[in-house]
Amino acid sequence: MALVWVWAKTIIRIEENGTLRTVHPGDWCQVGRQQAKELLANDQVKILNPTVLQTVQDLTDCTILLKGIINESQRGHIAAKFPGVPVEAWQGYPANQGRFLVWDMTAQLKEDLILTGFSLLNKWQLAVPLLGFDILADKVGTPDEQVETKAVIHDLRVPVYNPRVMFVRQCRETRQLFDAWQDGSELGFLRTLYQARPIVNALPPSWIL
Amino acid sequence: MNGIVYVAYGAKAKSEAQLSIKSLRRFTDMPVTVIDETVFNNPGPGARWAKLNMDTLVNYDQVLYLDADTRINEDVTSGFELLDNWDLAIAPSKNQGNEIFKHIQDSDEKQETLHEIGNWFPIQLQCGVMLFDRLRCAKLFSEWRNQWQRWQGQDQAALLRALAIEPVRVWLLGKCWNSEDGTIVQHLFGRV
């Protein structure tokens, strides 16, 4: 059955693998063409124009790379939700993937935003949520880390990213970022981000539950 | 040469800009340009057309743009260091999440913007304080003007649409750079 991506304007209920799922306003989901027509007629959803639809649906160069303790049922769930997209364990910056999502499983990324994240990479090299609008670098890390970070980014009164979720386009800048970011810390990420200078799209902290 | 730019049309805006410059002068003697009717005679609603043309109206290599109703509480020239690595430095707006683009809530510009940028959950940026490299942001400003022409109202949604078409390297500033209680730049948001 051909499926259509729709954007919910109201709360809708859709059937997925034999069970009903609630889709909230602003979330994306796939439904059959007939249901899409009905939802559209009731003004419950919006359908993307074909050019954007094509961009969103073309995931042939995408991979989801999971970090941390990977629960096999979680991995299976994600793989089922994004058919055709490899879901693998993170083993370092991949050599041959055009776009990839690095997802530390301790972060509850809103799965309905994964397609959006991948589509942003058509223009941006990196998309990463902030840790919080009011969480600044001068409130994160140890005093030594702050000194080290200030020496690089000049001023610690800047928002900190949450690098447990990163949408990444393979390019020189993101390669440099991952090569240099060895300590896994948030301030370390900020330092290497500053120096690698990718074209980064900062996402709101609400992308993570 | 780097410089600081204000846009001020009308007596109230000029008076505000003078107060902002006075607060600025406690920390720096960096050149300041005030774009007004003597510089550009087609400011547009809220002088936003003048603001979006500022990259063509000044010759500074790198610019700190300040809304007239700002007050400077620290040396802002340190911000220019950011432009060694980044093209644009700007702070998020205080309106995020459900409040995003609430200033254009009654216009279809909000929905169209979120649809066109392909992200229904972006960060809204506050355009009242910006540091930018004029050359590296030339295409962005050009597209910002194109996008602003469509509704000819506010400028924040137009900036996100322009960034989606002509992205640049954006370094996010903290709210200390642009908020009502900003410790570097206090923004009064017209409440003066």
# chains A, B, ... in the order shown; residues from 1 in each chain; ligands from 1
>>> residues_around(residues="region 164-173 of chain B", least_positions_apart="4", cutoff="6 Å", atoms="only C-alpha atoms", output="JSON, numbers by chain")
{"A": [158, 199], "B": [86, 87, 88, 89, 90, 91, 117, 140]}
>>> closest_atom_pairs(of="chain A", to="chain B", cutoff="10 Å", atoms="only C-alpha atoms", output="tab-separated table")
residue	atom	partner	partner_atom	distance
A:Trp7	CA	B:Trp120	CA	9.6
A:Gly26	CA	B:Trp120	CA	6.7
A:Asp27	CA	B:Trp120	CA	8.6
A:Trp28	CA	B:Trp120	CA	10.0
A:Lys46	CA	B:His115	CA	9.9
A:Leu48	CA	B:His115	CA	8.0
A:Asn49	CA	B:His115	CA	9.5
A:Val52	CA	B:Gly118	CA	7.6
A:Leu53	CA	B:Gly118	CA	9.9
A:Thr55	CA	B:Gly118	CA	9.6
A:Val56	CA	B:Gly118	CA	8.8
A:Leu113	CA	B:Asn119	CA	8.7
A:Leu115	CA	B:Asn119	CA	9.7
A:Thr116	CA	B:Asn119	CA	6.1
A:Gly117	CA	B:Asn119	CA	8.1
A:Ser119	CA	B:Gly118	CA	7.4
A:Leu120	CA	B:Gly118	CA	7.1
A:Asn122	CA	B:Ala164	CA	9.7
A:Lys123	CA	B:Ala164	CA	6.9
A:Trp124	CA	B:Pro167	CA	7.0
A:Gln125	CA	B:Pro167	CA	9.8
A:Pro129	CA	B:Ile123	CA	9.5
A:Leu130	CA	B:Ile123	CA	9.6
A:Phe133	CA	B:Pro92	CA	7.9
A:Asp134	CA	B:Lys175	CA	8.0
A:Ile135	CA	B:Gly174	CA	9.1
A:Leu136	CA	B:Gly174	CA	7.0
A:Ala137	CA	B:Gly174	CA	9.3
A:Ile153	CA	B:Leu82	CA	7.6
A:His154	CA	B:Glu81	CA	7.8
A:Asp155	CA	B:Gly79	CA	8.7
A:Leu156	CA	B:Gly174	CA	8.6
A:Arg157	CA	B:Gly174	CA	5.3
A:Val158	CA	B:Gly174	CA	4.2
A:Pro159	CA	B:Gly174	CA	5.7
A:Val160	CA	B:Leu172	CA	9.2
A:Leu193	CA	B:Trp171	CA	9.7
A:Tyr194	CA	B:Asn85	CA	7.1
A:Gln195	CA	B:Asn85	CA	7.2
A:Ala196	CA	B:Asn85	CA	8.7
A:Arg197	CA	B:Asn85	CA	6.5
A:Pro198	CA	B:Arg169	CA	6.7
A:Ile199	CA	B:Arg169	CA	4.7
A:Val200	CA	B:Arg169	CA	6.6
A:Asn201	CA	B:Val170	CA	7.8
A:Ala202	CA	B:Ile123	CA	7.0
A:Leu203	CA	B:Pro122	CA	5.8
A:Pro204	CA	B:Ile123	CA	5.6
A:Pro205	CA	B:Ile123	CA	9.2
A:Ser206	CA	B:Gly97	CA	7.7
A:Trp207	CA	B:Phe121	CA	7.8
>>> residues_around(residues="Phe189 (chain B)", least_positions_apart="4", cutoff="8 Å", atoms="only C-alpha atoms", output="list in words")
Asp69, Thr70 and Glu180 of chain B
>>> residues_around(residues="Gly84 (chain A)", least_positions_apart="3", cutoff="12 Å", atoms="only C-alpha atoms", output="PDB file with N, CA and C atoms, in the first residue's frame")
ATOM      1  N   GLN A  57      11.485  12.069   1.825  1.00  0.00           N
ATOM      2  CA  GLN A  57      11.374  10.622   1.683  1.00  0.00           C
ATOM      3  C   GLN A  57      12.646   9.956   1.191  1.00  0.00           C
ATOM      4  N   ASP A  58      13.502  10.714   0.544  1.00  0.00           N
ATOM      5  CA  ASP A  58      14.690  10.085  -0.015  1.00  0.00           C
ATOM      6  C   ASP A  58      15.725   9.883   1.092  1.00  0.00           C
ATOM      7  N   LEU A  59      15.725   8.689   1.643  1.00  0.00           N
ATOM      8  CA  LEU A  59      16.616   8.402   2.765  1.00  0.00           C
ATOM      9  C   LEU A  59      17.704   7.398   2.383  1.00  0.00           C
ATOM     10  N   THR A  60      17.928   7.270   1.082  1.00  0.00           N
ATOM     11  CA  THR A  60      18.848   6.220   0.629  1.00  0.00           C
ATOM     12  C   THR A  60      20.274   6.430   1.112  1.00  0.00           C
ATOM     13  N   ASP A  61      20.630   7.662   1.450  1.00  0.00           N
ATOM     14  CA  ASP A  61      22.002   7.900   1.917  1.00  0.00           C
ATOM     15  C   ASP A  61      22.049   8.075   3.436  1.00  0.00           C
ATOM     16  N   CYS A  62      20.971   7.696   4.111  1.00  0.00           N
ATOM     17  CA  CYS A  62      20.893   7.941   5.561  1.00  0.00           C
ATOM     18  C   CYS A  62      21.160   6.679   6.380  1.00  0.00           C
ATOM     19  N   THR A  63      21.758   6.883   7.522  1.00  0.00           N
ATOM     20  CA  THR A  63      21.999   5.797   8.471  1.00  0.00           C
ATOM     21  C   THR A  63      21.718   6.320   9.879  1.00  0.00           C
ATOM     22  N   ILE A  64      21.179   5.461  10.705  1.00  0.00           N
ATOM     23  CA  ILE A  64      20.998   5.810  12.118  1.00  0.00           C
ATOM     24  C   ILE A  64      22.032   5.032  12.913  1.00  0.00           C
ATOM     25  N   ILE A  78      13.076   1.036  15.883  1.00  0.00           N
ATOM     26  CA  ILE A  78      13.548   2.145  15.029  1.00  0.00           C
ATOM     27  C   ILE A  78      13.698   1.661  13.585  1.00  0.00           C
ATOM     28  N   ALA A  79      14.246   0.461  13.433  1.00  0.00           N
ATOM     29  CA  ALA A  79      14.430  -0.072  12.079  1.00  0.00           C
ATOM     30  C   ALA A  79      13.081  -0.238  11.379  1.00  0.00           C
ATOM     31  N   ALA A  80      12.069  -0.666  12.145  1.00  0.00           N
ATOM     32  CA  ALA A  80      10.743  -0.860  11.545  1.00  0.00           C
ATOM     33  C   ALA A  80      10.119   0.482  11.159  1.00  0.00           C
ATOM     34  N   LYS A  81      10.454   1.501  11.917  1.00  0.00           N
ATOM     35  CA  LYS A  81       9.857   2.811  11.654  1.00  0.00           C
ATOM     36  C   LYS A  81      10.480   3.491  10.440  1.00  0.00           C
ATOM     37  N   VAL A  87      20.164   0.716  10.693  1.00  0.00           N
ATOM     38  CA  VAL A  87      20.258   1.125  12.102  1.00  0.00           C
ATOM     39  C   VAL A  87      21.380   0.300  12.715  1.00  0.00           C
TER      40      VAL A  87
END
>>> residues_around(residues="region 5-19 of chain B", least_positions_apart="4", cutoff="9 Å", atoms="only C-alpha atoms", output="ChimeraX atom specification")
/B:23-24,31-37,43,46-48,50-51,54,58,63-71,192
